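One structure below.
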Amino acid sequence: MIIKELPKEIESLPRARKHFTSWSGVGYYEEMTQLWKEHQVIHVAKSDSRLANNELPLDIQRLRCRALYSALRFSPPIERLGKKLVEQLRTRAKRYVALHLRYEKDMLSFTGCTYGLTDAEAEELRVMREKTNHWKIKVINSTEQRIGGFCPLTPKEVGLFLQALGYPPSTLIYIAAGEIYGGNTRLSELKSYFPNVVFKEMLATPELREFANHASQAAALDYLISVESDVFIPSHSGNMARAVEGHRRFLGHRKTITPDRKGLVEIFDQLEAGQLDGSSFSHLVRHLHKSRQGAPRKRAGAPLGVRGRARSRLEESFYQNPYPECICSSRTRVRK
């Protein structure tokens, strides 16, 4: 149960103060158990840390999933509006693709990705990065970022990608994102391949006005619509993309296509240079993503040789893939 205020009978009791430690193992639970025995109120000073992904008791891992997918809920107005928006999308088409198009100004500035942008736009992003104090890395080589697969796909690249996978131009695509950098000019590069593109603002729901100036609530709507989509495709990895993927796995490994951005860059450049025809391009893209469509698999571990806390950071997140601890064998069939 989540409450806003402590009950009067315990609000004046002594409180234990606790700082969570990132990638906590089973020892964390032992310590917390002792704290609960000694205190009725624990003050958590920070809550941005994470538990370990692996090597925790099975009942603890399952408890995490019960908390994530059963106990935690968005507020009723968000839940109701999310359901209504999904229903409106279903009236437009029986199936829709949710595209998490991370082509917002802050994302491009943070990652230092300027491929396809004008010099003026690249400078605008550099200045933004320089002025944002909590972004520690200021000088970024955009070309190296792109080659390394660290840049979000551009709208044009997403269009090429979906076309290569065989989606028809009539496919309904819901854009789960904030304002696209470059606006309609940049978005037209996707629409030239798939004109049936919609944002939540285009669904003309009066209730949406209440969330217009609340970015986190708008993101919550995108989350709900993405979880319920027939296919979910993130153009860049990130907390929301990983959370949606994990939720969809929990619900029966719903189809989630995660682009291999590093592999795609090489193929895109070959196509741009005229070294590939459309058929060869499509074949390479499909082959590259044959095993990246949400099928059941165990979480990926850290690269060989990595030890200590770095190992936990480089493992695949439990929230991205709660298989096998939270998913029964009877639910592992991939939804087509």
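Scheme for the structure tokens: letters A, B, ... for chains in order shown; per-chain residue numbers from 1; ligand numbers from 1 in order shown.
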Task: Contacts of Gly238 (chain A) within 12 Å, only C-alpha atoms, excl. fewer than 6 positions in-chain, as JSON, numbers by chain - done: {"A": [100, 101, 102, 107, 111, 150, 151, 152, 244, 245, 258, 317, 319, 320]}
Keeping N, CA, C and O atoms, export the residues of the selection given above as a PDB file, in the first residue's frame.
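Wrote it out as again-v2.pdb, contents follow:
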ATOM      1  N   HIS A 100       9.238   3.840 -30.406  1.00  0.00           N
ATOM      2  CA  HIS A 100       9.847   4.744 -29.422  1.00  0.00           C
ATOM      3  C   HIS A 100      10.961   5.498 -30.129  1.00  0.00           C
ATOM      4  O   HIS A 100      12.122   5.084 -30.131  1.00  0.00           O
ATOM      5  N   LEU A 101      10.590   6.606 -30.755  1.00  0.00           N
ATOM      6  CA  LEU A 101      11.496   7.354 -31.620  1.00  0.00           C
ATOM      7  C   LEU A 101      12.269   8.386 -30.800  1.00  0.00           C
ATOM      8  O   LEU A 101      11.836   9.519 -30.617  1.00  0.00           O
ATOM      9  N   ARG A 102      13.428   7.976 -30.312  1.00  0.00           N
ATOM     10  CA  ARG A 102      14.226   8.853 -29.456  1.00  0.00           C
ATOM     11  C   ARG A 102      15.015   9.861 -30.277  1.00  0.00           C
ATOM     12  O   ARG A 102      16.245   9.883 -30.273  1.00  0.00           O
ATOM     13  N   MET A 107      18.089  14.184 -26.329  1.00  0.00           N
ATOM     14  CA  MET A 107      18.749  12.900 -26.585  1.00  0.00           C
ATOM     15  C   MET A 107      19.903  13.070 -27.569  1.00  0.00           C
ATOM     16  O   MET A 107      21.001  12.546 -27.367  1.00  0.00           O
ATOM     17  N   THR A 111      23.874  12.469 -26.497  1.00  0.00           N
ATOM     18  CA  THR A 111      24.665  11.426 -27.150  1.00  0.00           C
ATOM     19  C   THR A 111      25.680  11.986 -28.133  1.00  0.00           C
ATOM     20  O   THR A 111      26.578  11.262 -28.574  1.00  0.00           O
ATOM     21  N   PHE A 150      25.881   3.877 -30.917  1.00  0.00           N
ATOM     22  CA  PHE A 150      25.396   4.587 -29.735  1.00  0.00           C
ATOM     23  C   PHE A 150      24.400   5.695 -30.068  1.00  0.00           C
ATOM     24  O   PHE A 150      23.945   6.399 -29.168  1.00  0.00           O
ATOM     25  N   CYS A 151      24.080   5.858 -31.340  1.00  0.00           N
ATOM     26  CA  CYS A 151      23.146   6.909 -31.746  1.00  0.00           C
ATOM     27  C   CYS A 151      21.755   6.336 -32.012  1.00  0.00           C
ATOM     28  O   CYS A 151      21.629   5.220 -32.520  1.00  0.00           O
ATOM     29  N   PRO A 152      20.717   7.117 -31.687  1.00  0.00           N
ATOM     30  CA  PRO A 152      19.366   6.680 -32.059  1.00  0.00           C
ATOM     31  C   PRO A 152      19.226   6.676 -33.578  1.00  0.00           C
ATOM     32  O   PRO A 152      19.862   7.468 -34.267  1.00  0.00           O
ATOM     33  N   VAL A 244       9.608  -1.230 -21.029  1.00  0.00           N
ATOM     34  CA  VAL A 244       8.529  -1.714 -21.901  1.00  0.00           C
ATOM     35  C   VAL A 244       8.845  -3.122 -22.399  1.00  0.00           C
ATOM     36  O   VAL A 244       7.977  -4.008 -22.403  1.00  0.00           O
ATOM     37  N   GLU A 245      10.079  -3.340 -22.825  1.00  0.00           N
ATOM     38  CA  GLU A 245      10.454  -4.668 -23.315  1.00  0.00           C
ATOM     39  C   GLU A 245      10.264  -5.733 -22.235  1.00  0.00           C
ATOM     40  O   GLU A 245       9.704  -6.803 -22.495  1.00  0.00           O
ATOM     41  N   THR A 258      14.354  -5.124 -31.392  1.00  0.00           N
ATOM     42  CA  THR A 258      15.401  -4.209 -30.933  1.00  0.00           C
ATOM     43  C   THR A 258      16.449  -4.060 -32.032  1.00  0.00           C
ATOM     44  O   THR A 258      17.198  -4.997 -32.303  1.00  0.00           O
ATOM     45  N   SER A 317      19.717  -5.922 -17.992  1.00  0.00           N
ATOM     46  CA  SER A 317      18.897  -5.567 -16.845  1.00  0.00           C
ATOM     47  C   SER A 317      17.771  -6.572 -16.600  1.00  0.00           C
ATOM     48  O   SER A 317      17.136  -7.057 -17.540  1.00  0.00           O
ATOM     49  N   TYR A 319      14.999  -5.789 -15.414  1.00  0.00           N
ATOM     50  CA  TYR A 319      13.766  -5.125 -15.827  1.00  0.00           C
ATOM     51  C   TYR A 319      13.549  -5.206 -17.330  1.00  0.00           C
ATOM     52  O   TYR A 319      12.421  -5.072 -17.802  1.00  0.00           O
ATOM     53  N   GLN A 320      14.613  -5.439 -18.064  1.00  0.00           N
ATOM     54  CA  GLN A 320      14.494  -5.606 -19.505  1.00  0.00           C
ATOM     55  C   GLN A 320      14.127  -7.031 -19.876  1.00  0.00           C
ATOM     56  O   GLN A 320      13.466  -7.271 -20.883  1.00  0.00           O
TER      57      GLN A 320
END
Please build the interface table for region 160-263 of chain A against region 132-147 of chain A with a cut-off of 12 Å, listing for each qualifying residue the nearest atom pair and the distance in Å to one decimal; count only C-alpha atoms, order rows by chain and increasing number, and write it as JSON lines.
{"residue": "A:His236", "atom": "CA", "partner": "A:Arg146", "partner_atom": "CA", "distance": 11.7}
{"residue": "A:Asp260", "atom": "CA", "partner": "A:Ile147", "partner_atom": "CA", "distance": 11.6}
{"residue": "A:Arg261", "atom": "CA", "partner": "A:Arg146", "partner_atom": "CA", "distance": 8.3}
{"residue": "A:Lys262", "atom": "CA", "partner": "A:Ile147", "partner_atom": "CA", "distance": 6.1}
{"residue": "A:Gly263", "atom": "CA", "partner": "A:Ile147", "partner_atom": "CA", "distance": 8.7}
Open item on the list: Give me the residues near Arg95 (chain A) as JSON, numbers by chain, where near means some atom within 10 Å (using only C-alpha atoms) and where sequence neighbours in that chain fewer than 6 positions away do not count.
Closed with: {"A": [89, 171, 172, 173, 229, 230, 231]}
Task: Residues within 9 Å of His247 (chain A), only C-alpha atoms, excluding chain neighbours under 2 positions, as a PyMOL selection string - done: chain A and resi 68-69+227+242-245+249-254+319-322
Open item on the list: When you look at region 23-25 of chain A with a cut-off of 7 Å (counting only C-alpha atoms), what residues show up, excluding the ones that are within fewer than 6 positions of it in the same chain? I need them as a PyMOL selection string.
Closed with: chain A and resi 50-52+56+312
